[in-house]
Amino acid sequence: MKPVCLFLNKMPKLKRRLLLTVLLLLAVSSASWFAIFLLHSSEEQGSPSNLGRLSASPPTPHITLTVDSGPYHNWQLFAADFEDMIQSFKIYVYPTTSASSSFASSASIFLPHPNPFDPKLGNYFSEHMFKLSLLSSSLITTNPEKAHLFFLPFSVNLLRNDPRVHSEPSIADFVARYTTSISQDLPFWNASLGSDHFYACCHSVCREASSKHVGLRNNAIQLTCSSSYFQRFYVTHKDVALPQVWPRPPQHALNPPHARDKLVYFAGRIQNSNIRQQLVDLWGNDTYMDIFPSQPSYPYEEGFRRSKYCLHVKGYEVNTARVSDALHYGCIPVIISNHYELPFANVLDWSKFSVIVNNGDVAFLKRTLLSITRRKYMSMYHNLCKVRRHFVWHETPKGYDSFYMTAYQLWLKRRSLRLSS
């Protein structure tokens with residue numbers, strides 16, 4: 001302490017006063033802060049100065065429970081809305097007699113196919129099964145006043161095979177005349193200008209069927225397998241992607257992952273696809289990848305059973321049945337088809353059970369697939385097993401099969417504005 005006093009005595013008088021003033025201010029400030037701290041502590045601890053007042057409880061942390069929806073965007077929300085659809089949704093199917101007598105000779109065009117499981121139907125199986133399932137479902141109403149939507153039951157596939165029609169311009173003429181007849185004879189089309197009407201087709205000439213009727217083309221909902229953003233007459237926010245499914249025998253027990261000794265499988269024509277040709281050129285001789293420009297040397301279905309990944313590659317259209325075939329046989333789909341709106345994409349998270357590759361990245365395909373870890377592959381495989389049921393048709397629809405999943409897409413479209421008639 002003595003050295004401090006000596007130091008202060010040697011300082012000029014003015015500087016000594018200034019230094020003492022600063023020290024005094026610092027001491028007062030420190031004392032004030034210390035008093036505030038003691039007061040705050042006593043309040044938190046319920047001191048005598050805070051009698052009669054409850055001490056504050058610590059804040060409860062906000063806990064968010066994340067539920068794994070697996071291959072779905074949100075299973076809980078979907079399942080609840082789906083149940084509401086089952087209870088409420090009603091569809092009116094125009095009977096054959098609804099149109100003018102000029103269509104009487106073409107009654108078979110509007111009726112269900114007598115043998116929808118005929119293997120010759122191939123790509124058009126979904127078109128016929130939708131109609132058959134709809135007529136067997138609980139969604140049908142015979143009272144059009146109670147209907148949310150109206151189904152136009154003509155079949156483009158049957159029109160294509162009818163020698164009286166057959167050609168694309170003739171099919172478009174037939175469909176336009178039929179739709180005009182419906183709108184003139186009954187009030188329901190005009191109530192919404194066709195926005196609550198829909199039709200289904202899987203044939204490649206489907207998009208041309210509506211080309212000669214403006215209201216059908218611009219307003220009605222098109223259920224189609226050729227669901228391409230890039231295709232004319234397909235409107236994403238209006239139309240619905242229909243899953244293209246071939247009639248395949250039931251597969252109750254899938255080949256497990258460890259028994260799949262091939263990395264990749266593809267077999268198909270290459271004449272109408274540069275990408276398919278590129279695949280053959282790159283890996284046609286790769287012993288780990290079975291890629292064939294035509295039929296393989298073994299049964300076609302066997303390639304799906306023995307491979308980890310199965311390619312869906314754009315041909316003339318963006319769609320083929322190879323996606324549903326891959327799911328059916330437990331092979332992870334690899335989708336190489338730009339602009340393809342995948343079925344049920346607002347419900348299913350396709351990234352959880354498939355691999356999507358841009359057309360321009362085909363050269364990196366093998367590297368991409370080999371980079372997928374065993375854990376990721378097994379996750380996709382288990383998710384695939386969960387979504388297989390959505391790509392199966394039944395004569396009498398059930399559960400979450402292709403029909404009811406497609407009907408759910410229509411259910412989401414039902415809120416179209418209906419104009420007063």
# chains A, B, ... in the order shown; residues from 1 in each chain; ligands from 1
>>> residues_around(residues="A:Ser138", least_positions_apart="6", cutoff="10 Å", atoms="only C-alpha atoms", output="number ranges by chain")
A: 86-91, 396-397
>>> write_last_selection(atoms="all heavy atoms", output="PDB file, in the first residue's frame")
ATOM      1  N   ILE A  86     -62.898 -42.749 -49.231  1.00  0.00           N
ATOM      2  CA  ILE A  86     -63.650 -44.001 -49.268  1.00  0.00           C
ATOM      3  C   ILE A  86     -65.077 -43.781 -48.784  1.00  0.00           C
ATOM      4  O   ILE A  86     -66.039 -44.348 -49.324  1.00  0.00           O
ATOM      5  CB  ILE A  86     -62.949 -45.081 -48.408  1.00  0.00           C
ATOM      6  CG1 ILE A  86     -61.581 -45.436 -49.004  1.00  0.00           C
ATOM      7  CG2 ILE A  86     -63.815 -46.327 -48.284  1.00  0.00           C
ATOM      8  CD1 ILE A  86     -61.635 -46.081 -50.360  1.00  0.00           C
ATOM      9  N   GLN A  87     -65.241 -42.939 -47.780  1.00  0.00           N
ATOM     10  CA  GLN A  87     -66.559 -42.706 -47.197  1.00  0.00           C
ATOM     11  C   GLN A  87     -67.417 -41.751 -48.021  1.00  0.00           C
ATOM     12  O   GLN A  87     -68.651 -41.857 -47.994  1.00  0.00           O
ATOM     13  CB  GLN A  87     -66.398 -42.142 -45.773  1.00  0.00           C
ATOM     14  CG  GLN A  87     -65.657 -43.049 -44.809  1.00  0.00           C
ATOM     15  CD  GLN A  87     -66.360 -44.364 -44.576  1.00  0.00           C
ATOM     16  OE1 GLN A  87     -67.598 -44.433 -44.549  1.00  0.00           O
ATOM     17  NE2 GLN A  87     -65.592 -45.435 -44.408  1.00  0.00           N
ATOM     18  N   SER A  88     -66.790 -40.837 -48.758  1.00  0.00           N
ATOM     19  CA  SER A  88     -67.553 -39.723 -49.340  1.00  0.00           C
ATOM     20  C   SER A  88     -67.579 -39.661 -50.859  1.00  0.00           C
ATOM     21  O   SER A  88     -68.562 -39.175 -51.445  1.00  0.00           O
ATOM     22  CB  SER A  88     -66.983 -38.395 -48.812  1.00  0.00           C
ATOM     23  OG  SER A  88     -66.895 -38.392 -47.411  1.00  0.00           O
ATOM     24  N   PHE A  89     -66.519 -40.095 -51.526  1.00  0.00           N
ATOM     25  CA  PHE A  89     -66.347 -39.850 -52.956  1.00  0.00           C
ATOM     26  C   PHE A  89     -67.384 -40.612 -53.782  1.00  0.00           C
ATOM     27  O   PHE A  89     -67.610 -41.803 -53.564  1.00  0.00           O
ATOM     28  CB  PHE A  89     -64.943 -40.283 -53.363  1.00  0.00           C
ATOM     29  CG  PHE A  89     -64.485 -39.768 -54.702  1.00  0.00           C
ATOM     30  CD1 PHE A  89     -65.022 -38.627 -55.276  1.00  0.00           C
ATOM     31  CD2 PHE A  89     -63.472 -40.438 -55.398  1.00  0.00           C
ATOM     32  CE1 PHE A  89     -64.581 -38.153 -56.491  1.00  0.00           C
ATOM     33  CE2 PHE A  89     -63.026 -39.975 -56.611  1.00  0.00           C
ATOM     34  CZ  PHE A  89     -63.579 -38.832 -57.165  1.00  0.00           C
ATOM     35  N   LYS A  90     -68.001 -39.917 -54.746  1.00  0.00           N
ATOM     36  CA  LYS A  90     -68.982 -40.542 -55.625  1.00  0.00           C
ATOM     37  C   LYS A  90     -68.716 -40.152 -57.085  1.00  0.00           C
ATOM     38  O   LYS A  90     -68.460 -38.985 -57.390  1.00  0.00           O
ATOM     39  CB  LYS A  90     -70.410 -40.131 -55.244  1.00  0.00           C
ATOM     40  CG  LYS A  90     -70.859 -40.679 -53.891  1.00  0.00           C
ATOM     41  CD  LYS A  90     -70.812 -42.202 -53.848  1.00  0.00           C
ATOM     42  CE  LYS A  90     -71.102 -42.752 -52.461  1.00  0.00           C
ATOM     43  NZ  LYS A  90     -70.917 -44.235 -52.419  1.00  0.00           N
ATOM     44  N   ILE A  91     -68.792 -41.160 -57.960  1.00  0.00           N
ATOM     45  CA  ILE A  91     -68.537 -40.976 -59.391  1.00  0.00           C
ATOM     46  C   ILE A  91     -69.732 -41.507 -60.174  1.00  0.00           C
ATOM     47  O   ILE A  91     -70.235 -42.606 -59.893  1.00  0.00           O
ATOM     48  CB  ILE A  91     -67.260 -41.732 -59.817  1.00  0.00           C
ATOM     49  CG1 ILE A  91     -66.029 -41.151 -59.106  1.00  0.00           C
ATOM     50  CG2 ILE A  91     -67.076 -41.669 -61.331  1.00  0.00           C
ATOM     51  CD1 ILE A  91     -64.752 -41.940 -59.332  1.00  0.00           C
ATOM     52  N   THR A 396     -62.313 -56.615 -58.402  1.00  0.00           N
ATOM     53  CA  THR A 396     -63.015 -55.903 -57.337  1.00  0.00           C
ATOM     54  C   THR A 396     -61.947 -55.200 -56.515  1.00  0.00           C
ATOM     55  O   THR A 396     -61.164 -55.850 -55.816  1.00  0.00           O
ATOM     56  CB  THR A 396     -63.819 -56.865 -56.441  1.00  0.00           C
ATOM     57  OG1 THR A 396     -64.765 -57.565 -57.241  1.00  0.00           O
ATOM     58  CG2 THR A 396     -64.543 -56.102 -55.349  1.00  0.00           C
ATOM     59  N   PRO A 397     -61.869 -53.891 -56.604  1.00  0.00           N
ATOM     60  CA  PRO A 397     -60.741 -53.174 -55.971  1.00  0.00           C
ATOM     61  C   PRO A 397     -60.735 -53.336 -54.462  1.00  0.00           C
ATOM     62  O   PRO A 397     -61.768 -53.546 -53.824  1.00  0.00           O
ATOM     63  CB  PRO A 397     -61.002 -51.718 -56.369  1.00  0.00           C
ATOM     64  CG  PRO A 397     -62.455 -51.642 -56.657  1.00  0.00           C
ATOM     65  CD  PRO A 397     -62.829 -52.976 -57.233  1.00  0.00           C
TER      66      PRO A 397
END
>>> select_by_dssp(residues="stretch 159-311 of chain A", states="strand (DSSP E or B)", output="number ranges by chain")
A: 197-201, 221-224, 228, 240-241, 262-267, 289-292, 307-311
>>> atom_distance(atom1="atom CA of A:Val362", atom2="atom CA of A:Lys308")
17.6 Å
>>> closest_residue(among="A:Glu395, A:Asp196, A:Asp81, A:Glu317", to="A:Tyr340", atoms="only C-alpha atoms")
A:Glu317
>>> closest_atom_pairs(of="stretch 307-330 of chain A", to="stretch 252-260 of chain A", cutoff="7 Å", atoms="only C-alpha atoms", output="CSV")
residue,atom,partner,partner_atom,distance
A:Ser307,CA,A:Arg260,CA,4.9
A:Lys308,CA,A:Arg260,CA,5.8
A:Tyr329,CA,A:Leu254,CA,6.3
A:Gly330,CA,A:Leu254,CA,6.0
>>> residues_around(residues="A:Arg389", least_positions_apart="4", cutoff="8 Å", atoms="only C-alpha atoms", output="list in words")
Tyr400, Asp401 and Ser402 of chain A
>>> write_last_selection(atoms="N, CA and C atoms", output="mmCIF file, in the first residue's frame")
data_model
loop_
_atom_site.group_PDB
_atom_site.id
_atom_site.type_symbol
_atom_site.label_atom_id
_atom_site.label_comp_id
_atom_site.auth_asym_id
_atom_site.auth_seq_id
_atom_site.Cartn_x
_atom_site.Cartn_y
_atom_site.Cartn_z
ATOM 1 N N TYR A 400 -55.277 -50.398 -50.828
ATOM 2 C CA TYR A 400 -54.584 -49.284 -51.480
ATOM 3 C C TYR A 400 -54.053 -49.729 -52.839
ATOM 4 N N ASP A 401 -54.861 -50.440 -53.616
ATOM 5 C CA ASP A 401 -54.408 -50.951 -54.909
ATOM 6 C C ASP A 401 -54.392 -49.847 -55.958
ATOM 7 N N SER A 402 -54.073 -50.212 -57.197
ATOM 8 C CA SER A 402 -53.932 -49.217 -58.267
ATOM 9 C C SER A 402 -55.208 -48.418 -58.464
#
>>> residues_around(residues="A:Gly70", least_positions_apart="4", cutoff="10 Å", atoms="only C-alpha atoms", output="ChimeraX atom specification")
/A:74-75,348-349,352-353,379-380,382-384,386-387
>>> residues_around(residues="A:Val235", least_positions_apart="4", cutoff="9 Å", atoms="only C-alpha atoms", output="PDB file with N, CA and C atoms, in the first residue's frame")
ATOM      1  N   ASN A 218     -59.200 -29.190 -73.011  1.00  0.00           N
ATOM      2  CA  ASN A 218     -58.737 -28.145 -72.096  1.00  0.00           C
ATOM      3  C   ASN A 218     -59.276 -28.259 -70.679  1.00  0.00           C
ATOM      4  N   ILE A 221     -60.505 -34.051 -67.186  1.00  0.00           N
ATOM      5  CA  ILE A 221     -59.332 -34.711 -66.609  1.00  0.00           C
ATOM      6  C   ILE A 221     -58.981 -35.926 -67.448  1.00  0.00           C
ATOM      7  N   GLN A 222     -57.740 -36.023 -67.836  1.00  0.00           N
ATOM      8  CA  GLN A 222     -57.249 -37.161 -68.611  1.00  0.00           C
ATOM      9  C   GLN A 222     -56.451 -38.085 -67.701  1.00  0.00           C
ATOM     10  N   SER A 227     -47.878 -39.822 -69.217  1.00  0.00           N
ATOM     11  CA  SER A 227     -47.929 -38.583 -68.428  1.00  0.00           C
ATOM     12  C   SER A 227     -46.593 -37.859 -68.520  1.00  0.00           C
ATOM     13  N   SER A 228     -46.455 -37.073 -69.563  1.00  0.00           N
ATOM     14  CA  SER A 228     -45.199 -36.375 -69.809  1.00  0.00           C
ATOM     15  C   SER A 228     -45.396 -34.872 -69.751  1.00  0.00           C
ATOM     16  N   TYR A 229     -44.526 -34.178 -68.992  1.00  0.00           N
ATOM     17  CA  TYR A 229     -44.560 -32.718 -68.959  1.00  0.00           C
ATOM     18  C   TYR A 229     -44.335 -32.129 -70.351  1.00  0.00           C
ATOM     19  N   GLN A 231     -45.222 -33.475 -73.254  1.00  0.00           N
ATOM     20  CA  GLN A 231     -46.150 -33.955 -74.277  1.00  0.00           C
ATOM     21  C   GLN A 231     -47.315 -32.982 -74.444  1.00  0.00           C
ATOM     22  N   ASP A 239     -54.424 -33.072 -65.225  1.00  0.00           N
ATOM     23  CA  ASP A 239     -54.517 -34.492 -65.574  1.00  0.00           C
ATOM     24  C   ASP A 239     -53.871 -35.380 -64.514  1.00  0.00           C
ATOM     25  N   VAL A 240     -54.034 -36.697 -64.680  1.00  0.00           N
ATOM     26  CA  VAL A 240     -53.584 -37.668 -63.686  1.00  0.00           C
ATOM     27  C   VAL A 240     -52.758 -38.752 -64.366  1.00  0.00           C
TER      28      VAL A 240
END
>>> residues_around(residues="A:Ser351", least_positions_apart="6", cutoff="12 Å", atoms="only C-alpha atoms", output="ChimeraX atom specification")
/A:70-73,332-335,342,345,357,376-377,379-381,383-384
